[in-house]
Amino acid sequence: MKAVILAGGLGTRISEETSTRPKPMVEIGGKPILWHIMKTYSAHGINDFVVCCGYKGYVIKEYFANYFLHMSDITFDMQQNKMEVHQRFAEPWKVTLVDTGEDTMTGGRLKRVAEYVKDEEAFCLTYGDGVSDVNITDLIAFHKAQKVKATLTATLPPGRFGALDMIGNKVNSFREKPQGDGAMINGGFFVLSPQVIDYIVDDKTTWEREPMERLAEEGNLAAFHHTGFWQPMDTLRDKMHLEELWQSGRAPWKIW
């Protein structure tokens with residue numbers, strides 16, 4: 001099975017990091033968050049990726065073009081004009097990088113890579129800026145059992161603020177805000193039939209609007225419930241939180 005990763009957005013809410021690189025190339029633990037996402041899929045046996053590039057897509061292309069250099073120890077012999085790679089950390093990945101335009105919306109990006117997934121029974125789709133410990137193997141099995149054209153992962157949004165129990169001007173108790181208000185949200189990590197691409201009109205189509213709304217109205221959109229870890233990297237605060245988890249050795253999404 002293939003996994004399509006949306007990696008072309010501007011990432012304006014984390015502009016401190018994205019002025020020189022696309023958001024999926026912002027690093028957690030010295031590796032792009034895109035790498036973390038791919039490692040998660042790879043742990044579930046999915047190693048064929050289609051990456052939808054856009055804003056500064058050349059940075060992603062250069063990263064994979066030089067992947068073995070990034071991951072290995074190297075000796076450069078300047079006098080002999082030679083390069084020796086001492087350790088090769090090869091991933092079992094096939095990565096197709098597709099320029100889907102700088103201003104294309106999420107649906108449009110998916111439509112632009114249609115030729116790479118048209119012959120698949122189903123394929124995965126996710127965003128290039130969020131990590132999770134979602135069980136992708138179970139997600140795929142769930143999708144097949146539902147006999148629908150699309151399945152999304154429903155998850156709880158992470159709490160962002162401390163919740164206060166107050167009496168007058170005194171704080172009676174303090175606890176981190178529970179995850180949202182109990183309502184689940186679209187956490188991405190889709191499994192889709194290639195037929196869903198017919199619901200996308202053009203580059204201006206947002207996948208999360210008309211296509212998904214139509215699929216839901218038809219009864220063709222299922223929800224796989226995930227109550228474990230899920231965290232998007234929308235802001236610098238999110239990036240710092242993920243970095244802290246990684247450095248602590250307690251990163252929940254590290255399942256490899």
# chains A, B, ... in the order shown; residues from 1 in each chain; ligands from 1
$ select_by_dssp --residues "range 14-173 of chain A" --states "helix (DSSP H, G or I)" --output "PyMOL selection string"
chain A and resi 14-18+23-25+33-43+57-65+67-71+106-112+114-117+136-146
$ residues_around --residues "Met25 in chain A" --least-positions-apart "3" --cutoff "9 Å" --atoms "only C-alpha atoms" --output "PyMOL selection string"
chain A and resi 7+18+21-22+31-35+59-60+63+128-129
$ write_last_selection --atoms "C-alpha atoms" --output "PDB file, in the first residue's frame"
ATOM      1  CA  ALA A   7       3.876  18.521   2.318  1.00  0.00           C
ATOM      2  CA  THR A  18       9.516  27.998   7.791  1.00  0.00           C
ATOM      3  CA  ARG A  21      12.286  25.456   4.587  1.00  0.00           C
ATOM      4  CA  PRO A  22       8.868  23.850   4.204  1.00  0.00           C
ATOM      5  CA  LYS A  31      15.300  14.765  11.843  1.00  0.00           C
ATOM      6  CA  PRO A  32      12.525  16.395   9.761  1.00  0.00           C
ATOM      7  CA  ILE A  33       9.022  15.739  11.077  1.00  0.00           C
ATOM      8  CA  LEU A  34       8.375  14.247   7.625  1.00  0.00           C
ATOM      9  CA  TRP A  35      10.966  11.558   8.459  1.00  0.00           C
ATOM     10  CA  VAL A  59      14.470  21.380   0.069  1.00  0.00           C
ATOM     11  CA  ILE A  60      12.609  18.063   0.364  1.00  0.00           C
ATOM     12  CA  TYR A  63      17.119  15.991   1.458  1.00  0.00           C
ATOM     13  CA  GLY A 128       3.174  16.335   6.734  1.00  0.00           C
ATOM     14  CA  ASP A 129       3.124  18.162  10.057  1.00  0.00           C
TER      15      ASP A 129
END
$ closest_residue --among "A:Leu221, A:Met38, A:Cys124, A:Ala216" --to "Pro194 in chain A" --atoms "only C-alpha atoms"
A:Cys124
$ residues_around --residues "Trp207 in chain A" --least-positions-apart "4" --cutoff "9 Å" --atoms "only C-alpha atoms" --output "count of residues only"
10
$ closest_residue --among "A:Asp119, A:Glu62, A:Asp238, A:Asp103" --to "Gln195 in chain A" --atoms "only C-alpha atoms"
A:Asp119
$ select_by_dssp --residues "range 79-134 of chain A" --states "strand (DSSP E or B)" --output "ChimeraX atom specification"
/A:82-85,94-99,123-127,130-132
$ closest_residue --among "A:Gly54, A:Gly101, A:Pro252, A:Gly8" --to "Gln231 in chain A" --atoms "only C-alpha atoms"
A:Pro252
$ residues_around --residues "Gly228 in chain A" --least-positions-apart "3" --cutoff "12 Å" --atoms "only C-alpha atoms" --output "PDB file with all heavy atoms, in the first residue's frame"
ATOM      1  N   VAL A 131       2.325  14.067  14.226  1.00  0.00           N
ATOM      2  CA  VAL A 131       2.758  12.719  14.581  1.00  0.00           C
ATOM      3  C   VAL A 131       1.753  12.093  15.536  1.00  0.00           C
ATOM      4  O   VAL A 131       1.034  12.783  16.261  1.00  0.00           O
ATOM      5  CB  VAL A 131       4.165  12.719  15.215  1.00  0.00           C
ATOM      6  CG1 VAL A 131       5.227  12.990  14.163  1.00  0.00           C
ATOM      7  CG2 VAL A 131       4.268  13.746  16.340  1.00  0.00           C
ATOM      8  N   SER A 132       1.723  10.762  15.538  1.00  0.00           N
ATOM      9  CA  SER A 132       0.754  10.039  16.350  1.00  0.00           C
ATOM     10  C   SER A 132       1.242   8.610  16.537  1.00  0.00           C
ATOM     11  O   SER A 132       2.101   8.124  15.794  1.00  0.00           O
ATOM     12  CB  SER A 132      -0.615  10.035  15.656  1.00  0.00           C
ATOM     13  OG  SER A 132      -1.550   9.250  16.364  1.00  0.00           O
ATOM     14  N   ASP A 133       0.684   7.943  17.553  1.00  0.00           N
ATOM     15  CA  ASP A 133       0.945   6.517  17.713  1.00  0.00           C
ATOM     16  C   ASP A 133      -0.244   5.695  17.225  1.00  0.00           C
ATOM     17  O   ASP A 133      -0.455   4.567  17.659  1.00  0.00           O
ATOM     18  CB  ASP A 133       1.289   6.171  19.165  1.00  0.00           C
ATOM     19  CG  ASP A 133       0.160   6.506  20.142  1.00  0.00           C
ATOM     20  OD1 ASP A 133      -0.863   7.062  19.704  1.00  0.00           O
ATOM     21  OD2 ASP A 133       0.320   6.223  21.353  1.00  0.00           O
ATOM     22  N   VAL A 134      -1.020   6.269  16.315  1.00  0.00           N
ATOM     23  CA  VAL A 134      -2.178   5.567  15.749  1.00  0.00           C
ATOM     24  C   VAL A 134      -1.726   4.242  15.140  1.00  0.00           C
ATOM     25  O   VAL A 134      -0.672   4.162  14.502  1.00  0.00           O
ATOM     26  CB  VAL A 134      -2.891   6.443  14.690  1.00  0.00           C
ATOM     27  CG1 VAL A 134      -1.972   6.830  13.549  1.00  0.00           C
ATOM     28  CG2 VAL A 134      -4.142   5.741  14.172  1.00  0.00           C
ATOM     29  N   ASN A 135      -2.515   3.201  15.369  1.00  0.00           N
ATOM     30  CA  ASN A 135      -2.199   1.877  14.832  1.00  0.00           C
ATOM     31  C   ASN A 135      -2.680   1.816  13.386  1.00  0.00           C
ATOM     32  O   ASN A 135      -3.852   1.560  13.106  1.00  0.00           O
ATOM     33  CB  ASN A 135      -2.860   0.787  15.675  1.00  0.00           C
ATOM     34  CG  ASN A 135      -2.368  -0.602  15.300  1.00  0.00           C
ATOM     35  OD1 ASN A 135      -2.203  -0.926  14.128  1.00  0.00           O
ATOM     36  ND2 ASN A 135      -2.126  -1.429  16.300  1.00  0.00           N
ATOM     37  N   THR A 153      -9.176   9.323  10.737  1.00  0.00           N
ATOM     38  CA  THR A 153      -8.879   8.998  12.130  1.00  0.00           C
ATOM     39  C   THR A 153      -9.464  10.092  13.003  1.00  0.00           C
ATOM     40  O   THR A 153      -9.091  11.260  12.887  1.00  0.00           O
ATOM     41  CB  THR A 153      -7.363   8.885  12.352  1.00  0.00           C
ATOM     42  OG1 THR A 153      -6.866   7.790  11.568  1.00  0.00           O
ATOM     43  CG2 THR A 153      -7.046   8.631  13.815  1.00  0.00           C
ATOM     44  N   ALA A 154     -10.391   9.700  13.868  1.00  0.00           N
ATOM     45  CA  ALA A 154     -11.006  10.643  14.805  1.00  0.00           C
ATOM     46  C   ALA A 154     -10.208  10.612  16.098  1.00  0.00           C
ATOM     47  O   ALA A 154      -9.944   9.545  16.659  1.00  0.00           O
ATOM     48  CB  ALA A 154     -12.458  10.253  15.070  1.00  0.00           C
ATOM     49  N   THR A 155      -9.804  11.775  16.564  1.00  0.00           N
ATOM     50  CA  THR A 155      -8.969  11.836  17.758  1.00  0.00           C
ATOM     51  C   THR A 155      -9.385  13.011  18.626  1.00  0.00           C
ATOM     52  O   THR A 155     -10.212  13.842  18.221  1.00  0.00           O
ATOM     53  CB  THR A 155      -7.484  11.947  17.373  1.00  0.00           C
ATOM     54  OG1 THR A 155      -6.666  11.790  18.537  1.00  0.00           O
ATOM     55  CG2 THR A 155      -7.180  13.288  16.721  1.00  0.00           C
ATOM     56  N   LEU A 156      -8.825  13.077  19.813  1.00  0.00           N
ATOM     57  CA  LEU A 156      -9.115  14.180  20.725  1.00  0.00           C
ATOM     58  C   LEU A 156      -8.038  15.242  20.584  1.00  0.00           C
ATOM     59  O   LEU A 156      -6.848  14.919  20.567  1.00  0.00           O
ATOM     60  CB  LEU A 156      -9.158  13.672  22.171  1.00  0.00           C
ATOM     61  CG  LEU A 156     -10.283  12.685  22.488  1.00  0.00           C
ATOM     62  CD1 LEU A 156     -10.028  12.027  23.834  1.00  0.00           C
ATOM     63  CD2 LEU A 156     -11.628  13.391  22.484  1.00  0.00           C
ATOM     64  N   PRO A 157      -8.418  16.525  20.477  1.00  0.00           N
ATOM     65  CA  PRO A 157      -7.408  17.571  20.361  1.00  0.00           C
ATOM     66  C   PRO A 157      -6.618  17.683  21.655  1.00  0.00           C
ATOM     67  O   PRO A 157      -7.174  17.516  22.745  1.00  0.00           O
ATOM     68  CB  PRO A 157      -8.235  18.838  20.108  1.00  0.00           C
ATOM     69  CG  PRO A 157      -9.566  18.545  20.712  1.00  0.00           C
ATOM     70  CD  PRO A 157      -9.797  17.066  20.515  1.00  0.00           C
ATOM     71  N   PRO A 158      -5.318  17.936  21.564  1.00  0.00           N
ATOM     72  CA  PRO A 158      -4.525  18.079  22.789  1.00  0.00           C
ATOM     73  C   PRO A 158      -4.927  19.327  23.554  1.00  0.00           C
ATOM     74  O   PRO A 158      -5.254  20.358  22.974  1.00  0.00           O
ATOM     75  CB  PRO A 158      -3.083  18.191  22.262  1.00  0.00           C
ATOM     76  CG  PRO A 158      -3.223  18.666  20.858  1.00  0.00           C
ATOM     77  CD  PRO A 158      -4.517  18.098  20.347  1.00  0.00           C
ATOM     78  N   GLN A 179      -8.486  17.042  27.338  1.00  0.00           N
ATOM     79  CA  GLN A 179      -8.403  17.123  25.879  1.00  0.00           C
ATOM     80  C   GLN A 179      -9.700  17.658  25.285  1.00  0.00           C
ATOM     81  O   GLN A 179     -10.703  16.970  25.181  1.00  0.00           O
ATOM     82  CB  GLN A 179      -8.085  15.746  25.309  1.00  0.00           C
ATOM     83  CG  GLN A 179      -6.693  15.270  25.703  1.00  0.00           C
ATOM     84  CD  GLN A 179      -6.397  13.908  25.141  1.00  0.00           C
ATOM     85  OE1 GLN A 179      -7.199  12.997  25.262  1.00  0.00           O
ATOM     86  NE2 GLN A 179      -5.248  13.740  24.526  1.00  0.00           N
ATOM     87  N   GLY A 187      -8.227  13.901  12.748  1.00  0.00           N
ATOM     88  CA  GLY A 187      -6.791  13.889  12.994  1.00  0.00           C
ATOM     89  C   GLY A 187      -5.976  13.472  11.784  1.00  0.00           C
ATOM     90  O   GLY A 187      -4.791  13.190  11.905  1.00  0.00           O
ATOM     91  N   HIS A 225     -11.622   5.464  15.572  1.00  0.00           N
ATOM     92  CA  HIS A 225     -11.399   6.180  16.827  1.00  0.00           C
ATOM     93  C   HIS A 225     -10.010   5.892  17.387  1.00  0.00           C
ATOM     94  O   HIS A 225      -9.637   4.738  17.601  1.00  0.00           O
ATOM     95  CB  HIS A 225     -12.466   5.792  17.858  1.00  0.00           C
ATOM     96  CG  HIS A 225     -13.813   6.351  17.542  1.00  0.00           C
ATOM     97  ND1 HIS A 225     -14.673   6.845  18.490  1.00  0.00           N
ATOM     98  CD2 HIS A 225     -14.462   6.513  16.367  1.00  0.00           C
ATOM     99  CE1 HIS A 225     -15.784   7.276  17.919  1.00  0.00           C
ATOM    100  NE2 HIS A 225     -15.671   7.079  16.617  1.00  0.00           N
ATOM    101  N   GLN A 231      -0.477  14.709  17.898  1.00  0.00           N
ATOM    102  CA  GLN A 231      -0.021  16.089  18.084  1.00  0.00           C
ATOM    103  C   GLN A 231       0.383  16.720  16.759  1.00  0.00           C
ATOM    104  O   GLN A 231       1.349  16.296  16.124  1.00  0.00           O
ATOM    105  CB  GLN A 231       1.174  16.120  19.040  1.00  0.00           C
ATOM    106  CG  GLN A 231       1.760  17.506  19.275  1.00  0.00           C
ATOM    107  CD  GLN A 231       0.818  18.438  20.013  1.00  0.00           C
ATOM    108  OE1 GLN A 231       0.399  18.121  21.118  1.00  0.00           O
ATOM    109  NE2 GLN A 231       0.482  19.566  19.421  1.00  0.00           N
ATOM    110  N   PRO A 252       5.867   9.301  22.283  1.00  0.00           N
ATOM    111  CA  PRO A 252       4.890   8.218  22.093  1.00  0.00           C
ATOM    112  C   PRO A 252       4.801   7.721  20.659  1.00  0.00           C
ATOM    113  O   PRO A 252       4.411   6.575  20.425  1.00  0.00           O
ATOM    114  CB  PRO A 252       3.559   8.861  22.527  1.00  0.00           C
ATOM    115  CG  PRO A 252       3.943  10.034  23.374  1.00  0.00           C
ATOM    116  CD  PRO A 252       5.225  10.530  22.794  1.00  0.00           C
ATOM    117  N   TRP A 253       5.139   8.581  19.699  1.00  0.00           N
ATOM    118  CA  TRP A 253       5.015   8.180  18.297  1.00  0.00           C
ATOM    119  C   TRP A 253       6.195   7.339  17.826  1.00  0.00           C
ATOM    120  O   TRP A 253       6.166   6.771  16.734  1.00  0.00           O
ATOM    121  CB  TRP A 253       4.875   9.417  17.399  1.00  0.00           C
ATOM    122  CG  TRP A 253       6.111  10.244  17.275  1.00  0.00           C
ATOM    123  CD1 TRP A 253       7.100  10.113  16.332  1.00  0.00           C
ATOM    124  CD2 TRP A 253       6.544  11.325  18.128  1.00  0.00           C
ATOM    125  NE1 TRP A 253       8.100  11.046  16.541  1.00  0.00           N
ATOM    126  CE2 TRP A 253       7.777  11.802  17.644  1.00  0.00           C
ATOM    127  CE3 TRP A 253       5.992  11.940  19.249  1.00  0.00           C
ATOM    128  CZ2 TRP A 253       8.467  12.851  18.248  1.00  0.00           C
ATOM    129  CZ3 TRP A 253       6.675  12.988  19.849  1.00  0.00           C
ATOM    130  CH2 TRP A 253       7.893  13.432  19.350  1.00  0.00           C
TER     131      TRP A 253
END
$ residues_around --residues "Thr20 in chain A" --least-positions-apart "4" --cutoff "12 Å" --atoms "only C-alpha atoms" --output "MDAnalysis selection string"
chainID A and resid 10:12 14:16 24:26 55:60
$ closest_residue --among "A:Phe76, A:Val201, A:Thr100, A:Gly130" --to "Ile37 in chain A" --atoms "only C-alpha atoms"
A:Gly130
$ closest_residue --among "A:Ala141, A:Ala183, A:Ile28, A:Ile74" --to "Leu242 in chain A" --atoms "only C-alpha atoms"
A:Ile28
$ closest_residue --among "A:Ile136, A:Asp99, A:Phe64, A:Glu121" --to "Ile46 in chain A" --atoms "only C-alpha atoms"
A:Ile136
$ atom_distance --atom1 "CA of Val51 in chain A" --atom2 "CA of Val4 in chain A"
5.8 Å
$ atom_distance --atom1 "CA of Trp246 in chain A" --atom2 "CA of Thr40 in chain A"
14.3 Å
$ atom_distance --atom1 "CA of Phe189 in chain A" --atom2 "CA of Ser42 in chain A"
13.9 Å
